[in-house]
Amino acid sequence: YTISNTVCNGAVAQSKGIMVKYDPGGPIAGGGASNGAIWISRAFTNNTFGFNGNDRLQAVAVNPEGTVANPTNYIYTTGSGEITNGLEGLVIAKVRTNGAGVWMAAPAFSVTSGASRGMAITIANNGNDIIAAGYTNYSGSNESPYLVSCKTNGTISFATYSSTGAGLPYPVWSAATIYPPGANVQYLGIGYTAISASTNQTPPFSPLFWSVLPAPPAGFNPGRYYGVTFNSGFIFAVGTTDAVTNTGDWLIEKWDLSGNLIQRSVLTSPMYSTAGGNALFAVTSLGTGCGSRVYAVGVGTNNITSTSDGVLLEIDPNTLSIASITTNQFNTRNLNTGVATDGSELYISGQTLTVAGEWDTYLVRYKVKNFYLPEEP
């Protein structure tokens with residue numbers, strides 16, 4: 001399964017997210033959808049439970065649910081949808097393997113301008129929790145990392161920005177009440193406005209809330225999340241401390257499943273400055289307990305060579321410190337954009353700018369080091 005975005009050229013051109021299913025063997029000639037795909041789905045649609053405006057899908061994950069002997073696979077995706085007046089809210093949607101939508105949750109926080117957007121998604125806690133990571137725009141161009149957790153039935157467990165203080169709570173509503181657009185709810189001293197009502201959310205009649213804040217709450221941490229993973233009971237989200245001016249440092253934060261920020265680490269290296277921006281775009285993990293490792297990939301601006309290097313950071317999940325840095329320097333501009341593992345090796349995808357001015361893709365394989373046994377020859 002893959003996701004993308006396309007432009008709908010109606011009376012007003014609008015961006016629309018799409019989800020595509022391919023056969024494991026690759027595109028099929030004469031497949032049921034274009035380009036050899038089995039199907040193409042909007043994942044959430046306006047006439048079902050979506051938005052009338054621009055929306056985007058940014059990440060996808062698959063979760064086997066039900067009994068171990070006879071599980072049913074469901075697809076989860078995150079991104080953003082235009083709620084009203086050009087304002088975009090973070091969206092999580094559950095989709096069947098035939099492309100039909102099951103539910104959509106939109107725990108959006110912002111003020112009267114800007115966006116909340118999901119950039120990455122992962123499955124946690126033995127398939128019981130769906131974690132989306134992204135960012136929320138809370139005032140002008142100010143952004144803060146944003147983390148959302150929901151159950152497989154769409155119920156929001158928490159939705160919070162990265163903060164040095166208490167995170168902004170997601171409102172609780174009455175499942176027996178229909179909230180018309182414009183209805184207000186006060187929750188823990190914060191006012192929320194219902195933008196639109198939907199019978200396709202959990203609990204029934206749950207509104208899509210938009211938090212209207214008179215001023216940014218104290219304690220906002222700046223930055224964006226681009227990647228998220230789960231390991232040994234904790235959520236690890238990575239990104240950058242500044243995506244607006246492109247002068248950020250590598251960022252990793254550790255959360256528990258109750259929505260508490262356990263640790264925030266801004267990673268730096270003498271080799272990499274913030275002049276051109278450092279960012280981590282994807283993350284995975286291996287092992288459990290004291291033997292586990294978190295691996296994040298992204299880009300770093302090299303002080304020595306004046307290049308943009310594709311970087312692979314090996315991170316200690318206990319201290320969130322860098323254990324090692326591995327770089328890809330194919331040309332002067334390189335970005336590592338994705339990472340996956342089969343349990344023994346790491347696979348890194350990326351792109352590099354050639355001397356001809358074209359972006360080429362690459363795939364790199366690394367053997368995972370064993371730090372508790374002698375190195376193999």
# chains A, B, ... in the order shown; residues from 1 in each chain; ligands from 1
call {"tool": "residues_around", "arguments": {"residues": "Asn278 of chain A", "least_positions_apart": "3", "cutoff": "12 Å", "atoms": "only C-alpha atoms", "output": "VMD selection string"}}
result
chain A and resid 223 to 224 238 to 243 245 to 251 266 to 269 271 to 275 281 297 to 303 307 to 311 334 to 336
call {"tool": "closest_residue", "arguments": {"among": "A:Asn70, A:Ile121, A:Lys21, A:Arg293", "to": "Leu57 of chain A", "atoms": "only C-alpha atoms"}}
result
A:Ile121
call {"tool": "residues_around", "arguments": {"residues": "Asn73 of chain A", "least_positions_apart": "5", "cutoff": "9 Å", "atoms": "only C-alpha atoms", "output": "list in words"}}
result
Val62, Asn63, Pro64, Glu65, Gly66, Arg96 and Thr97 of chain A
call {"tool": "write_last_selection", "arguments": {"atoms": "all heavy atoms", "output": "short mmCIF file (atom, residue, chain, number, x, y, z; two decimals), in the first residue's frame"}}
result
data_model
loop_
_atom_site.label_atom_id
_atom_site.label_comp_id
_atom_site.auth_asym_id
_atom_site.auth_seq_id
_atom_site.Cartn_x
_atom_site.Cartn_y
_atom_site.Cartn_z
N VAL A 62 -0.04 -0.82 8.23
CA VAL A 62 -1.00 -1.93 8.21
C VAL A 62 -1.01 -2.60 9.58
O VAL A 62 0.04 -2.84 10.18
CB VAL A 62 -0.66 -2.94 7.11
CG1 VAL A 62 -1.61 -4.13 7.16
CG2 VAL A 62 -0.70 -2.28 5.74
N ASN A 63 -2.21 -2.94 10.06
CA ASN A 63 -2.35 -3.55 11.38
C ASN A 63 -3.26 -4.79 11.27
O ASN A 63 -4.42 -4.68 10.90
CB ASN A 63 -2.97 -2.55 12.36
CG ASN A 63 -2.94 -3.07 13.79
OD1 ASN A 63 -2.04 -3.80 14.18
ND2 ASN A 63 -3.92 -2.66 14.59
N PRO A 64 -2.74 -6.00 11.58
CA PRO A 64 -3.60 -7.19 11.63
C PRO A 64 -4.41 -7.20 12.92
O PRO A 64 -3.84 -7.14 14.01
CB PRO A 64 -2.60 -8.35 11.57
CG PRO A 64 -1.33 -7.78 12.10
CD PRO A 64 -1.33 -6.32 11.78
N GLU A 65 -5.74 -7.26 12.82
CA GLU A 65 -6.61 -7.19 13.98
C GLU A 65 -7.50 -8.42 14.05
O GLU A 65 -7.75 -9.09 13.05
CB GLU A 65 -7.46 -5.91 13.92
CG GLU A 65 -6.60 -4.64 13.91
CD GLU A 65 -7.41 -3.39 13.69
OE1 GLU A 65 -8.65 -3.41 13.89
OE2 GLU A 65 -6.81 -2.35 13.31
N GLY A 66 -7.98 -8.70 15.24
CA GLY A 66 -8.80 -9.89 15.45
C GLY A 66 -7.99 -11.00 16.10
O GLY A 66 -7.04 -10.74 16.84
N ARG A 96 -10.34 -0.34 4.93
CA ARG A 96 -10.30 -1.78 4.69
C ARG A 96 -9.34 -2.07 3.53
O ARG A 96 -8.98 -1.19 2.76
CB ARG A 96 -11.69 -2.30 4.35
CG ARG A 96 -12.72 -2.04 5.44
CD ARG A 96 -14.06 -2.66 5.09
NE ARG A 96 -15.09 -2.20 6.01
CZ ARG A 96 -15.30 -2.71 7.22
NH1 ARG A 96 -14.53 -3.71 7.64
NH2 ARG A 96 -16.25 -2.24 7.99
N THR A 97 -8.98 -3.34 3.40
CA THR A 97 -8.04 -3.72 2.35
C THR A 97 -8.65 -3.67 0.95
O THR A 97 -7.95 -3.87 -0.03
CB THR A 97 -7.47 -5.13 2.60
OG1 THR A 97 -8.55 -6.05 2.77
CG2 THR A 97 -6.59 -5.14 3.84
#
call {"tool": "residues_around", "arguments": {"residues": "segment 352-359 of chain A", "least_positions_apart": "3", "cutoff": "8 Å", "atoms": "only C-alpha atoms", "output": "ChimeraX atom specification"}}
result
/A:330-335,362
call {"tool": "atom_distance", "arguments": {"atom1": "atom CA of Thr122 of chain A", "atom2": "atom CA of Val228 of chain A"}}
result
6.4 Å
call {"tool": "residues_around", "arguments": {"residues": "Gly99 of chain A", "least_positions_apart": "6", "cutoff": "10 Å", "atoms": "only C-alpha atoms", "output": "compact mmCIF listing (two decimals) with C-alpha atoms, in the first residue's frame"}}
result
# COMPACT_ATOMS: atom_id res chain seq x y z
CA MET A 19 -4.22 5.48 -1.39
CA VAL A 20 -3.06 2.83 -3.86
CA LYS A 21 -2.84 -0.96 -3.51
CA ILE A 38 -5.27 -3.19 -7.88
CA TRP A 39 -7.27 -0.16 -6.67
CA ILE A 40 -7.03 3.53 -5.94
CA SER A 41 -9.02 4.95 -3.02
CA ARG A 42 -9.63 8.41 -1.62
CA ALA A 43 -9.44 6.75 1.84
CA PHE A 44 -11.81 9.43 3.11
CA TYR A 74 -6.68 -2.86 8.22
CA ILE A 75 -4.84 0.13 6.79
call {"tool": "closest_residue", "arguments": {"among": "A:Lys16, A:Ala106, A:Thr77, A:Tyr366", "to": "Tyr1 of chain A", "atoms": "only C-alpha atoms"}}
result
A:Thr77
call {"tool": "closest_residue", "arguments": {"among": "A:Ala133, A:Val294, A:Ala120, A:Ile92", "to": "Cys150 of chain A", "atoms": "only C-alpha atoms"}}
result
A:Ile92
call {"tool": "atom_distance", "arguments": {"atom1": "atom CA of Ile156 of chain A", "atom2": "atom CA of Gly227 of chain A"}}
result
19.8 Å
call {"tool": "select_by_dssp", "arguments": {"residues": "segment 57-139 of chain A", "states": "strand (DSSP E or B)", "output": "PyMOL selection string"}}
result
chain A and resi 57-66+71-84+87-96+101-105+108-109+115-124+129-139
call {"tool": "closest_residue", "arguments": {"among": "A:Asn126, A:Ser162, A:Asn231, A:Asn260", "to": "Thr284 of chain A", "atoms": "only C-alpha atoms"}}
result
A:Asn231
call {"tool": "closest_residue", "arguments": {"among": "A:Leu280, A:Ile252, A:Ala159, A:Ala132", "to": "Asn318 of chain A", "atoms": "only C-alpha atoms"}}
result
A:Ile252
call {"tool": "atom_distance", "arguments": {"atom1": "atom CA of Pro222 of chain A", "atom2": "atom CA of Asn137 of chain A"}}
result
9.8 Å
call {"tool": "residues_around", "arguments": {"residues": "Gln263 of chain A", "least_positions_apart": "6", "cutoff": "12 Å", "atoms": "only C-alpha atoms", "output": "list in words"}}
result
Ser162, Ser163, Thr164, Phe234, Ile235, Phe236, Ala237, Leu251, Ile252, Glu253, Lys254, Trp255, Asp256, Pro317, Asn318, Thr319, Leu320 and Ser321 of chain A
call {"tool": "residues_around", "arguments": {"residues": "Ala296 of chain A", "least_positions_apart": "2", "cutoff": "6 Å", "atoms": "only C-alpha atoms", "output": "MDAnalysis selection string"}}
result
chainID A and resid 282:283 312:313
